[in-house]
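J.: Just one file: final-v7.txt, with compact mmCIF, C-alpha atoms.
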# COMPACT_ATOMS: atom_id res chain seq x y z
CA MET V 926 -25.83 1.85 -5.05
CA LEU V 927 -22.79 0.12 -3.64
CA GLU V 928 -23.03 -0.89 -0.02
CA LEU V 929 -19.77 0.45 1.32
CA LYS V 930 -20.66 -0.46 4.88
CA LYS V 931 -20.31 -4.16 4.19
CA PHE V 932 -16.64 -3.82 3.36
CA ARG V 933 -15.71 -1.64 6.30
CA LYS V 934 -15.37 -4.64 8.57
CA LYS V 935 -13.41 -6.68 6.09
CA SER V 936 -10.26 -4.61 5.89
CA PRO V 937 -9.26 -3.20 9.28
CA TRP V 938 -5.76 -1.79 9.05
CA ILE V 939 -3.86 -1.76 12.29
CA LEU V 940 -1.52 0.84 13.72
CA HIS V 941 0.62 -0.51 16.51
CA PHE V 942 1.93 1.98 19.04
CA ASN V 943 4.18 1.17 21.96
CA ALA V 944 3.63 3.82 24.59
CA GLY V 945 6.56 2.67 26.71
CA GLY V 946 5.98 -0.91 27.74
CA CYS V 947 8.33 -3.83 28.21
CA ASN V 948 7.84 -5.19 24.64
CA GLY V 949 6.01 -8.30 25.88
CA CYS V 950 2.65 -7.37 24.37
CA ASP V 951 4.34 -6.18 21.17
CA ILE V 952 5.74 -9.65 20.65
CA GLU V 953 2.27 -11.09 21.11
CA ILE V 954 0.87 -8.65 18.52
CA LEU V 955 3.56 -9.72 16.08
CA ALA V 956 2.72 -13.35 16.90
CA CYS V 957 -0.81 -12.60 15.67
CA LEU V 958 0.64 -11.76 12.25
CA ALA V 959 2.79 -14.90 12.17
CA PRO V 960 1.61 -18.15 10.53
CA LYS V 961 -0.01 -19.65 13.64
CA TYR V 962 -2.69 -17.00 14.18
CA ASP V 963 -2.40 -15.17 10.83
CA ILE V 964 -4.76 -12.25 11.27
CA GLU V 965 -4.07 -11.23 7.69
CA ARG V 966 -6.73 -13.75 6.68
CA PHE V 967 -9.27 -11.24 8.06
CA GLY V 968 -7.68 -8.52 5.95
CA MET V 969 -5.75 -6.92 8.79
CA ILE V 970 -2.43 -5.33 7.89
CA ASN V 971 0.05 -3.79 10.27
CA THR V 972 0.46 -0.52 8.39
CA GLY V 973 2.61 1.52 10.74
CA ASN V 974 1.04 4.64 9.27
CA PRO V 975 -1.61 6.54 11.26
CA LYS V 976 -3.07 8.22 8.18
CA GLN V 977 -4.14 4.93 6.60
CA SER V 978 -5.21 2.84 9.57
CA ASP V 979 -8.49 2.18 11.36
CA ILE V 980 -7.50 0.49 14.61
CA LEU V 981 -4.94 1.85 17.05
CA LEU V 982 -3.38 -0.95 19.11
CA ILE V 983 -1.58 0.48 22.12
CA THR V 984 0.75 -1.44 24.40
CA GLY V 985 2.48 -0.30 27.54
CA PRO V 986 1.79 2.49 30.03
CA VAL V 987 1.93 6.10 28.92
CA THR V 988 5.17 7.74 29.95
CA LYS V 989 5.86 11.45 30.22
CA ARG V 990 7.74 11.28 26.93
CA THR V 991 5.18 9.37 24.88
CA ARG V 992 1.96 11.09 25.92
CA GLU V 993 2.25 13.91 23.38
CA ARG V 994 3.21 11.46 20.63
CA LEU V 995 0.25 9.29 21.56
CA VAL V 996 -2.21 12.16 21.25
CA GLU V 997 -0.51 13.29 18.02
CA VAL V 998 -0.75 9.81 16.47
CA TYR V 999 -4.38 9.54 17.58
CA ASN V 1000 -5.20 12.90 15.99
CA GLN V 1001 -3.57 11.94 12.71
CA MET V 1002 -5.87 8.94 12.22
CA PRO V 1003 -8.85 9.75 10.03
CA GLU V 1004 -12.34 8.92 11.33
CA PRO V 1005 -13.82 6.36 11.87
CA LYS V 1006 -11.21 4.96 14.26
CA VAL V 1007 -11.10 2.63 17.25
CA VAL V 1008 -8.58 2.43 20.07
CA VAL V 1009 -7.66 -0.94 21.60
CA CYS V 1010 -5.49 -1.15 24.74
CA CYS V 1011 -3.42 -4.33 24.78
CA GLY V 1012 -2.33 -5.55 28.18
CA SER V 1013 -2.84 -4.37 31.72
CA CYS V 1014 -0.19 -1.63 31.48
CA ALA V 1015 -1.95 0.14 28.65
CA SER V 1016 -5.31 -0.26 30.39
CA THR V 1017 -4.39 0.90 33.89
CA GLY V 1018 -0.68 1.43 34.19
CA GLY V 1019 -0.12 -2.13 35.45
CA ILE V 1020 2.99 -2.83 37.47
CA PHE V 1021 4.47 0.50 36.39
CA ARG V 1022 1.67 2.48 38.02
CA GLY V 1023 2.92 5.14 40.41
CA MET V 1024 6.45 5.25 39.06
CA TYR V 1025 8.02 8.69 38.63
CA ASN V 1026 8.07 8.55 34.83
CA ILE V 1027 4.66 6.97 34.27
CA GLU V 1028 1.47 8.89 33.66
CA GLY V 1029 -0.84 5.86 33.90
CA GLY V 1030 -3.33 4.21 31.56
CA VAL V 1031 -4.02 5.29 28.01
CA ASP V 1032 -7.60 6.33 28.81
CA GLN V 1033 -6.36 9.40 30.67
CA PHE V 1034 -5.36 10.95 27.36
CA ILE V 1035 -7.44 9.52 24.53
CA PRO V 1036 -10.82 7.74 24.48
CA VAL V 1037 -10.37 3.96 24.61
CA ASP V 1038 -12.94 1.55 23.19
CA VAL V 1039 -11.63 -1.91 24.07
CA TYR V 1040 -9.46 -3.05 26.96
CA VAL V 1041 -7.59 -6.33 26.50
CA ALA V 1042 -6.45 -7.74 29.84
CA GLY V 1043 -3.36 -9.81 30.55
CA CYS V 1044 0.35 -9.46 31.17
CA ALA V 1045 1.24 -10.09 28.43
CA CYS V 1046 -2.09 -10.41 26.64
CA ARG V 1047 -2.44 -13.62 24.66
CA PRO V 1048 -2.75 -13.53 20.86
CA GLU V 1049 -6.23 -15.11 21.09
CA GLN V 1050 -7.30 -12.30 23.39
CA ILE V 1051 -5.90 -9.67 21.03
CA ILE V 1052 -7.84 -11.19 18.14
CA ASP V 1053 -11.01 -11.25 20.29
CA GLY V 1054 -10.41 -7.62 21.27
CA VAL V 1055 -9.95 -6.56 17.67
CA VAL V 1056 -13.15 -8.38 16.67
CA VAL V 1057 -15.05 -6.48 19.39
CA ALA V 1058 -13.37 -3.30 18.13
CA LEU V 1059 -14.69 -4.01 14.62
CA GLY V 1060 -18.24 -3.98 15.99
CA ILE V 1061 -17.54 -0.64 17.66
CA LEU V 1062 -16.05 0.66 14.41
CA GLU V 1063 -19.31 -0.23 12.69
CA GLU V 1064 -21.34 1.61 15.36
CA LYS V 1065 -19.09 4.65 15.19
CA THR V 1066 -19.47 4.90 11.44
CA LYS V 1067 -23.23 4.76 11.83
CA ASP V 1068 -23.02 7.51 14.44
CA ILE V 1069 -21.11 9.71 12.00
CA GLU V 1070 -23.80 9.25 9.40
CA LYS V 1071 -26.62 10.14 11.81
CA THR V 1072 -28.26 13.53 11.50
CA ILE V 1073 -28.52 15.60 14.63
CA ARG V 1074 -31.39 17.95 15.40
CA LEU V 1075 -31.21 20.32 18.30
CA ALA V 1076 -33.78 19.50 20.99
CA ASN V 1077 -34.19 23.04 22.24
CA GLU V 1078 -32.48 26.41 22.14
CA PRO V 1079 -28.67 26.23 22.45
CA VAL V 1080 -27.24 27.49 25.71
CA THR V 1081 -25.52 30.86 25.36
CA GLU V 1082 -23.04 32.31 27.78
CA ASP V 1083 -21.66 35.80 27.32
CA GLY V 1084 -23.55 36.10 24.06
CA GLN V 1085 -21.72 33.13 22.51
CA VAL V 1086 -23.03 29.67 21.71
CA ASN V 1087 -21.58 27.11 24.08
CA ARG V 1088 -21.00 24.04 21.97
CA ARG V 1089 -20.23 21.82 24.94
CA LYS V 1090 -23.63 22.22 26.52
CA MET V 1091 -25.59 22.04 23.29
CA PRO V 1092 -28.56 19.74 23.94
CA ALA V 1093 -29.10 17.45 21.01
CA GLU V 1094 -31.03 14.35 20.17
CA TYR V 1095 -30.43 11.73 17.59
CA ASN V 1096 -33.26 10.93 15.26
CA ILE V 1097 -32.43 9.37 11.98
CA GLU V 1098 -35.61 7.81 10.75
CA LYS V 1099 -37.86 10.79 11.41
CA THR V 1100 -35.83 13.57 9.83
CA VAL V 1101 -34.41 11.96 6.72
CA MET I 463 -12.88 -2.03 -35.27
CA GLN I 464 -13.76 -4.99 -33.11
CA SER I 465 -10.20 -5.29 -31.83
CA ILE I 466 -10.26 -1.62 -30.82
CA ILE I 467 -13.37 -2.22 -28.71
CA ILE I 468 -11.76 -5.25 -27.05
CA LEU I 469 -8.59 -3.26 -26.36
CA SER I 470 -10.59 -0.36 -24.89
CA ILE I 471 -12.42 -2.74 -22.59
CA LEU I 472 -9.05 -4.19 -21.56
CA VAL I 473 -7.74 -0.70 -20.78
CA LEU I 474 -10.86 0.16 -18.75
CA LEU I 475 -10.66 -3.10 -16.85
CA ALA I 476 -6.90 -2.84 -16.27
CA PRO I 477 -7.22 -1.64 -12.63
CA VAL I 478 -9.67 -4.47 -11.87
CA ILE I 479 -7.37 -7.09 -13.40
CA GLY I 480 -4.46 -5.55 -11.51
CA GLY I 481 -6.46 -5.77 -8.27
CA ILE I 482 -7.11 -9.46 -8.89
CA VAL I 483 -3.40 -9.98 -9.60
CA TYR I 484 -2.56 -8.24 -6.34
CA GLY I 485 -5.13 -10.37 -4.48
CA ILE I 486 -3.69 -13.57 -5.94
CA GLU I 487 -0.24 -12.34 -5.06
CA ARG I 488 -1.16 -11.82 -1.41
CA LYS I 489 -2.71 -15.28 -1.32
CA VAL I 490 0.33 -16.89 -2.98
CA LYS I 491 2.70 -15.06 -0.65
CA ALA I 492 0.71 -16.22 2.38
CA ARG I 493 0.72 -19.82 1.16
CA MET I 494 4.48 -19.60 0.65
CA GLN I 495 4.79 -18.61 4.31
CA ASN I 496 2.45 -21.45 5.35
CA ARG I 497 -0.36 -19.03 6.22
CA MET I 498 -4.00 -19.01 5.11
CA GLY I 499 -3.82 -15.55 3.64
CA PRO I 500 -6.64 -13.11 2.85
CA SER I 501 -9.29 -13.73 0.22
CA ILE I 502 -8.50 -12.93 -3.40
CA TRP I 503 -10.96 -10.00 -3.29
CA GLN I 504 -9.15 -8.40 -0.35
CA PRO I 505 -7.69 -5.48 -2.41
CA PHE I 506 -11.24 -4.52 -3.41
CA TYR I 507 -12.42 -4.65 0.21
CA ASP I 508 -9.53 -2.32 1.05
CA PHE I 509 -10.54 -0.13 -1.87
CA MET I 510 -14.13 0.16 -0.62
CA LYS I 511 -13.01 0.89 2.92
CA LEU I 512 -10.55 3.60 1.84
CA ALA I 513 -13.34 5.28 -0.14
CA ASP I 514 -15.35 5.44 3.07
CA LYS I 515 -12.75 7.08 5.29
CA ARG I 516 -12.92 10.72 6.21
CA LEU I 517 -10.85 13.01 3.99
CA ILE I 518 -7.62 14.43 5.30
CA MET I 519 -5.59 16.41 2.81
CA VAL I 520 -2.10 17.70 3.51
CA HIS I 521 -2.40 20.32 0.79
CA SER I 522 -4.07 20.38 -2.59
CA THR I 523 -0.89 20.04 -4.71
CA HIS I 524 0.06 16.92 -2.80
CA ALA I 525 -3.34 15.32 -3.40
CA PHE I 526 -3.32 16.40 -7.06
CA LEU I 527 0.12 14.86 -7.66
CA GLY I 528 -1.08 11.59 -6.14
CA ILE I 529 -4.10 11.46 -8.45
CA MET I 530 -1.99 12.44 -11.47
CA HIS I 531 0.38 9.59 -10.61
CA PHE I 532 -2.56 7.22 -11.00
CA VAL I 533 -3.82 8.87 -14.19
CA SER I 534 -0.42 8.90 -15.92
CA ILE I 535 0.29 5.27 -15.10
CA TRP I 536 -3.12 4.39 -16.52
CA VAL I 537 -2.23 6.29 -19.70
CA ALA I 538 1.05 4.35 -19.87
CA VAL I 539 -0.82 1.05 -19.54
CA ALA I 540 -3.32 2.20 -22.19
CA VAL I 541 -0.54 3.02 -24.67
CA LEU I 542 1.07 -0.33 -23.90
CA ILE I 543 -2.17 -2.24 -24.50
CA PHE I 544 -3.02 -0.33 -27.69
CA GLY I 545 0.42 -1.23 -29.07
CA GLY I 546 2.06 2.19 -29.14
CA ASP I 547 5.67 3.21 -28.91
CA LEU I 548 7.78 1.23 -26.41
CA ILE I 549 9.99 4.22 -25.56
CA LEU I 550 6.89 6.39 -25.03
CA VAL I 551 5.45 3.76 -22.67
CA ILE I 552 8.64 3.63 -20.63
CA PHE I 553 8.83 7.40 -20.37
CA LEU I 554 5.14 7.72 -19.42
CA HIS I 555 5.81 5.28 -16.63
CA LEU I 556 8.82 7.38 -15.65
CA LEU I 557 6.58 10.46 -15.62
CA SER I 558 4.16 8.78 -13.25
CA THR I 559 6.97 7.87 -10.86
CA ALA I 560 8.33 11.41 -11.14
CA LEU I 561 4.91 12.77 -10.12
CA LEU I 562 4.93 10.49 -7.08
CA ILE I 563 8.41 11.72 -6.18
CA MET I 564 7.27 15.34 -6.47
CA GLY I 565 4.30 14.50 -4.27
CA GLY I 566 6.67 12.95 -1.75
CA PHE I 567 8.85 16.06 -1.68
CA SER I 568 5.90 18.46 -1.44
CA THR I 569 5.17 17.63 2.19
CA ARG I 570 7.29 18.35 5.25
CA SER I 571 7.34 14.77 6.48
CA ILE I 572 10.87 13.42 6.70
CA PHE I 573 9.73 9.87 5.88
CA SER I 574 8.08 11.16 2.75
CA HIS I 575 11.33 12.87 1.74
CA ILE I 576 13.41 9.75 2.33
CA GLY I 577 10.91 7.64 0.39
CA ALA I 578 10.89 10.07 -2.53
CA ASN I 579 14.69 10.14 -2.52
CA ARG I 580 14.85 6.38 -2.63
CA SER I 581 12.23 6.19 -5.39
CA ALA I 582 14.46 8.50 -7.44
CA ILE I 583 17.42 6.22 -6.75
CA SER I 584 15.45 3.16 -7.85
CA ILE I 585 14.62 4.95 -11.10
CA LEU I 586 18.37 5.39 -11.58
CA ALA I 587 18.74 1.67 -11.01
CA TYR I 588 16.11 0.27 -13.36
CA GLU I 589 15.53 2.89 -16.05
CA PRO I 590 18.81 2.42 -18.06
CA VAL I 591 18.19 -1.32 -18.28
CA LEU I 592 14.65 -0.78 -19.55
CA ILE I 593 15.85 1.69 -22.18
CA ILE I 594 18.56 -0.72 -23.36
CA ILE I 595 15.97 -3.49 -23.61
CA ALA I 596 13.78 -1.18 -25.71
CA VAL I 597 16.74 -0.41 -27.97
CA SER I 598 17.46 -4.13 -28.36
CA VAL I 599 13.83 -4.63 -29.36
CA TYR I 600 14.39 -1.98 -32.02
CA ALA I 601 17.57 -3.74 -33.17
CA VAL I 602 15.65 -7.00 -33.54
CA ASN I 603 12.38 -5.78 -35.03
CA GLY I 604 13.38 -2.51 -36.69
CA SER I 605 10.60 -0.67 -34.92
CA PHE I 606 9.70 0.66 -31.48
CA GLN I 607 6.02 -0.14 -32.09
CA ILE I 608 4.69 -2.72 -29.65
CA SER I 609 2.18 -3.95 -32.22
CA SER I 610 5.11 -4.96 -34.45
CA ILE I 611 6.47 -7.21 -31.67
CA PHE I 612 3.36 -9.35 -31.87
CA GLN I 613 3.87 -9.92 -35.58
CA HIS I 614 7.35 -11.42 -35.16
CA ASP I 615 8.76 -14.52 -33.53
CA PRO I 616 9.11 -14.52 -29.74
CA LEU I 617 11.69 -12.03 -28.49
CA LEU I 618 12.75 -14.55 -25.88
CA TYR I 619 14.54 -16.69 -28.49
CA LYS I 620 16.28 -13.69 -30.06
CA MET I 621 17.45 -11.98 -26.89
CA PRO I 622 17.29 -14.27 -23.85
CA LEU I 623 19.89 -12.15 -22.03
CA ALA I 624 17.59 -9.12 -22.20
CA PHE I 625 14.87 -11.14 -20.52
CA ILE I 626 17.31 -12.11 -17.76
CA ALA I 627 18.21 -8.44 -17.31
CA LEU I 628 14.49 -7.63 -17.04
CA LEU I 629 14.05 -10.34 -14.42
CA LEU I 630 16.95 -8.85 -12.44
CA ILE I 631 15.40 -5.37 -12.28
CA LEU I 632 11.77 -6.40 -11.80
CA PRO I 633 12.02 -6.50 -7.98
CA ILE I 634 13.33 -2.90 -8.07
CA LYS I 635 10.48 -1.81 -10.27
CA LEU I 636 7.77 -3.60 -8.28
CA LYS I 637 9.32 -2.44 -4.98
CA LYS I 638 9.76 -6.00 -3.79
CA SER I 639 12.35 -7.42 -1.45
CA PRO I 640 15.40 -7.46 -1.70
CA PHE I 641 15.14 -4.11 -3.51
CA ASP I 642 12.20 -2.54 -1.67
CA VAL I 643 14.12 0.36 -0.13
CA ALA I 644 11.70 2.79 -1.79
CA GLU I 645 8.76 1.80 0.35
CA ALA I 646 10.36 -0.25 3.16
CA HIS I 647 7.31 -0.60 5.38
CA GLN I 648 9.13 -1.48 8.59
CA GLU I 649 11.61 1.32 8.23
CA ILE I 650 10.03 4.38 6.56
CA ALA I 651 6.39 3.18 6.61
CA GLY I 652 5.65 3.35 2.91
CA GLY I 653 7.97 6.16 1.83
CA ALA I 654 6.46 8.69 -0.57
CA GLU I 655 2.92 7.43 0.02
CA ILE I 656 3.01 7.97 3.78
CA GLU I 657 1.12 11.28 3.85
CA TYR I 658 -1.72 10.12 1.62
CA SER I 659 -4.91 9.01 3.31
CA GLY I 660 -8.46 8.04 2.43
CA ILE I 661 -9.43 8.52 -1.17
CA PHE I 662 -6.04 9.95 -2.16
CA PHE I 663 -4.24 6.90 -0.88
CA GLU I 664 -6.76 4.92 -2.88
CA ALA I 665 -5.35 6.52 -6.04
CA LEU I 666 -1.87 5.31 -5.07
CA TYR I 667 -3.18 1.90 -4.10
CA THR I 668 -4.84 1.48 -7.49
CA ALA I 669 -1.73 2.81 -9.21
CA LYS I 670 0.15 -0.06 -7.57
CA TRP I 671 -2.24 -2.53 -9.20
CA LEU I 672 -1.72 -0.83 -12.56
CA ASP I 673 2.02 -1.14 -11.98
CA TYR I 674 1.59 -4.92 -11.86
CA ILE I 675 -0.32 -4.83 -15.15
CA PHE I 676 2.40 -2.66 -16.69
CA VAL I 677 5.26 -4.91 -15.59
CA TYR I 678 3.57 -8.19 -16.50
CA ALA I 679 2.57 -6.75 -19.87
CA LEU I 680 6.25 -5.93 -20.46
CA VAL I 681 7.07 -9.56 -19.65
CA PHE I 682 4.26 -10.71 -21.96
CA LEU I 683 5.92 -8.83 -24.85
CA PHE I 684 8.77 -11.35 -24.78
CA GLY I 685 6.33 -14.00 -25.96
CA GLY I 686 5.90 -12.16 -29.27
CA SER I 687 3.42 -13.80 -31.61
CA ASN I 688 3.34 -16.90 -29.39
CA TYR I 689 0.72 -15.82 -26.82
CA LEU I 690 0.93 -19.10 -24.93
CA LEU I 691 4.66 -18.61 -24.36
CA GLY I 692 3.94 -15.03 -23.20
CA ALA I 693 1.36 -16.25 -20.67
CA GLY I 694 3.81 -18.90 -19.43
CA LEU I 695 6.51 -16.26 -19.00
CA VAL I 696 4.11 -14.03 -17.04
CA ILE I 697 3.15 -16.86 -14.66
CA GLY I 698 6.78 -17.92 -14.23
CA THR I 699 7.83 -14.34 -13.52
CA PHE I 700 4.98 -13.94 -11.04
CA PHE I 701 6.16 -16.92 -8.99
CA TYR I 702 9.81 -15.88 -9.32
CA VAL I 703 9.13 -12.36 -8.01
CA ASN I 704 7.05 -13.61 -5.07
CA ALA I 705 9.47 -16.38 -4.13
CA LEU I 706 12.33 -13.89 -4.20
CA ASP I 707 10.27 -11.43 -2.15
CA ASN I 708 9.61 -14.06 0.51
CA SER I 709 13.09 -15.49 0.68
CA SER I 710 15.35 -12.44 0.75
CA ALA I 711 16.12 -9.58 3.10
CA ARG I 712 16.25 -5.91 2.15
CA VAL I 713 19.55 -4.53 0.89
CA ASP I 714 20.36 -0.84 1.18
CA TYR I 715 20.24 1.55 -1.74
CA ARG I 716 24.00 1.46 -2.45
CA GLN I 717 23.95 -2.32 -2.83
CA MET I 718 20.89 -1.98 -5.04
CA LEU I 719 22.62 0.55 -7.30
CA LYS I 720 25.79 -1.55 -7.41
CA PHE I 721 23.80 -4.66 -8.31
CA SER I 722 21.96 -2.80 -11.02
CA TYR I 723 25.05 -1.16 -12.55
CA PHE I 724 27.47 -4.06 -12.23
CA VAL I 725 25.16 -7.01 -12.91
CA ALA I 726 21.89 -6.08 -14.60
CA LEU I 727 23.18 -3.27 -16.82
CA PRO I 728 26.15 -5.24 -18.27
CA VAL I 729 23.84 -8.20 -18.98
CA ALA I 730 21.45 -5.91 -20.85
CA PHE I 731 24.35 -4.27 -22.68
CA ILE I 732 25.85 -7.58 -23.78
CA SER I 733 22.41 -8.58 -25.02
CA LEU I 734 22.23 -5.34 -27.01
CA LEU I 735 25.69 -5.96 -28.54
CA ILE I 736 24.72 -9.51 -29.51
CA THR I 737 21.53 -8.33 -31.19
CA LEU I 738 23.35 -5.49 -32.96
CA PHE I 739 26.05 -7.71 -34.45
CA ASN I 740 23.77 -10.56 -35.45
So, in terms of structure tokens, how does the structure I just supplied come out?

T.:
Amino acid sequence: MLELKKFRKKSPWILHFNAGGCNGCDIEILACLAPKYDIERFGMINTGNPKQSDILLITGPVTKRTRERLVEVYNQMPEPKVVVCCGSCASTGGIFRGMYNIEGGVDQFIPVDVYVAGCACRPEQIIDGVVVALGILEEKTKDIEKTIRLANEPVTEDGQVNRRKMPAEYNIEKTV
Amino acid sequence: MQSIIILSILVLLAPVIGGIVYGIERKVKARMQNRMGPSIWQPFYDFMKLADKRLIMVHSTHAFLGIMHFVSIWVAVAVLIFGGDLILVIFLHLLSTALLIMGGFSTRSIFSHIGANRSAISILAYEPVLIIIAVSVYAVNGSFQISSIFQHDPLLYKMPLAFIALLLILPIKLKKSPFDVAEAHQEIAGGAEIEYSGIFFEALYTAKWLDYIFVYALVFLFGGSNYLLGAGLVIGTFFYVNALDNSSARVDYRQMLKFSYFVALPVAFISLLITLFN
């Protein structure tokens, strides 16, 4: 049987999304693709297409206009996927925090896995962040493959099963 | 009998060979830009990863058209390798592109529509030249059969202008810069293939590798019975296409059509006239 898991880490395709920043971090991301840092040698491609990418690189704070697009783009990416926030604006809102048109950091809207600090974040840091993200991608894929067995009776409210409060435990080795 | 077995193995291995060609191409392109570049096996890593992604289907017709695009281009390559009819090969390839265009139009994505539109325009640009080249082959050899080409002297000596016309339209056919309006990654993010994901995009990705095999096999035909010359032509064309891809900017579709109709098509036509009156 082919070990597909080995290759998952070797071809991370990147989707770059600017949620409304000043373009500083975007330039650094593009610098990663340029000859000096050349992240294509790890198999990374800047696809620009959410349906074919694994890693979502977000720069800039979320504005009132981009928040719906951000969630839409995130939803269009097939699992397994990882979100990386590049720069302090994407992580917390940065210097734009508290402005009338800014909603704040990305993690208010979608789950974020890796925060890359800096204003603007350096290309080395972005590469480090993406490498950490690859480890998380690996873990997430394993989580998808795990079987879940309910620990006890599901909680019912008003005669309906409440999926939020469903107590579950992971055990892979015992059940399979 | 033995040759049939070898040819069948070649047809079965065509996607793998195409993947290696694509891997080498990415490496060569990176070296031309003074980068390290990915490993030669990178297309296969991508292949494995795409097989592993969760399925998202826009609708079943869309996915079916994508897979049929792959199947029909494989059939075209098979007919080409088995030495069938040149016209049939060209039209099978046209069919595969038409299926991709239908797939592009079957979704509601505007990028998909633009990409499909531009693919149709690139067909308009390169198809007449290919047909004229096929007709010139008939004028030289008296047959459309590809197997008959290999029994004669190299086509390159008999119709060098046709080869130049083929070189002029190859970037359009391979969707390379300066004629890559059909998939323009920075602008319409892949065009007709934008809505495909996971295993369905894999079909398109592999079809791209088969496209390389198809095009370089067409170039190989110009070597005729001299296989060494054919291999040299293929390698030369490979470097020409990649150097052109790296050194030129994208033109828009009108300029592409004008270039095709006012430069490539007349060259092919003159070549046809020369072969007809010789």

J.: Looking at V:Lys1065, V:Lys976, V:His941, V:Arg994, which one is nearest to Asp1038 in chain V, with distances taken over only C-alpha atoms?

T.: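 So, comparing all the options, the nearest one is V:Lys1065.
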
J.: What separation in Å, quoted to one decimal, exists between CA of Ile732 in chain I and CA of Met718 in chain I?

T.: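 Between these atoms lies a distance of 20.2 Å.
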
J.: If we count all atoms listed in the file and set the cut-off at 10 Å, which residues sit around Ile1052 in chain V, ignoring sequence neighbours fewer than 4 positions away in its own chain? Please answer as number ranges by chain.

T.: V: 954, 957, 962-964, 1041, 1047-1048, 1056-1058

J.: Fewer than 2 positions away in the same chain doesn't count, so skip those; otherwise give me all residues within 10 Å of Leu982 in chain V, counting all atoms listed in the file, as a PyMOL selection string.

T.: chain V and resi 939-943+951+954+971+979-980+984+1007-1011+1015+1039+1051+1054-1055

J.: Counting all atoms listed in the file, which of I:Gly545, I:Gly566, I:Gln613, I:Gly698 gets nearest to Asn579 in chain I?

T.: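 Counting all atoms listed in the file, the residue closest to Asn579 in chain I is I:Gly566.
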
J.: Write out as JSON, numbers by chain each polymer residue whose atoms come within 8 Å of Leu672 in chain I, counting all atoms listed in the file; drop sequence neighbours fewer than 3 positions from it.

T.: {"I": [476, 477, 480, 535, 536, 539, 668, 669, 675, 676]}

J.: Around the point (12.6, -16.8, -26.0) in the file's coordinates, collect all residues with an atom within 10 Å, using all atoms listed in the file, and return them as a list in words.

T.: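 Protein, DNA and RNA residues close to (12.6, -16.8, -26.0): Asp615, Pro616, Leu617, Leu618, Tyr619, Lys620, Met621, Pro622, Leu623, Ala624, Phe625, Phe684, Gly685, Gly686, Asn688, Leu691, Gly692 and Leu695 of chain I.
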
J.: What gap, in Å, lies between CA of Asn708 in chain I and CA of Val696 in chain I?

T.: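 CA of Val696 in chain I lies 18.4 Å from CA of Asn708 in chain I.
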
J.: Can you work out the spacing between CA of Ala1042 in chain V and CA of Gly1030 in chain V in Å, to one decimal?

T.: 12.5 Å

J.: Using only C-alpha atoms and a cutoff of 9 Å, can you tell me which residues are near (21.4, -3.8, -21.9) in the file's coordinates, and write them out as a PyMOL selection string?

T.: chain I and resi 590-598+623-624+627+726-735
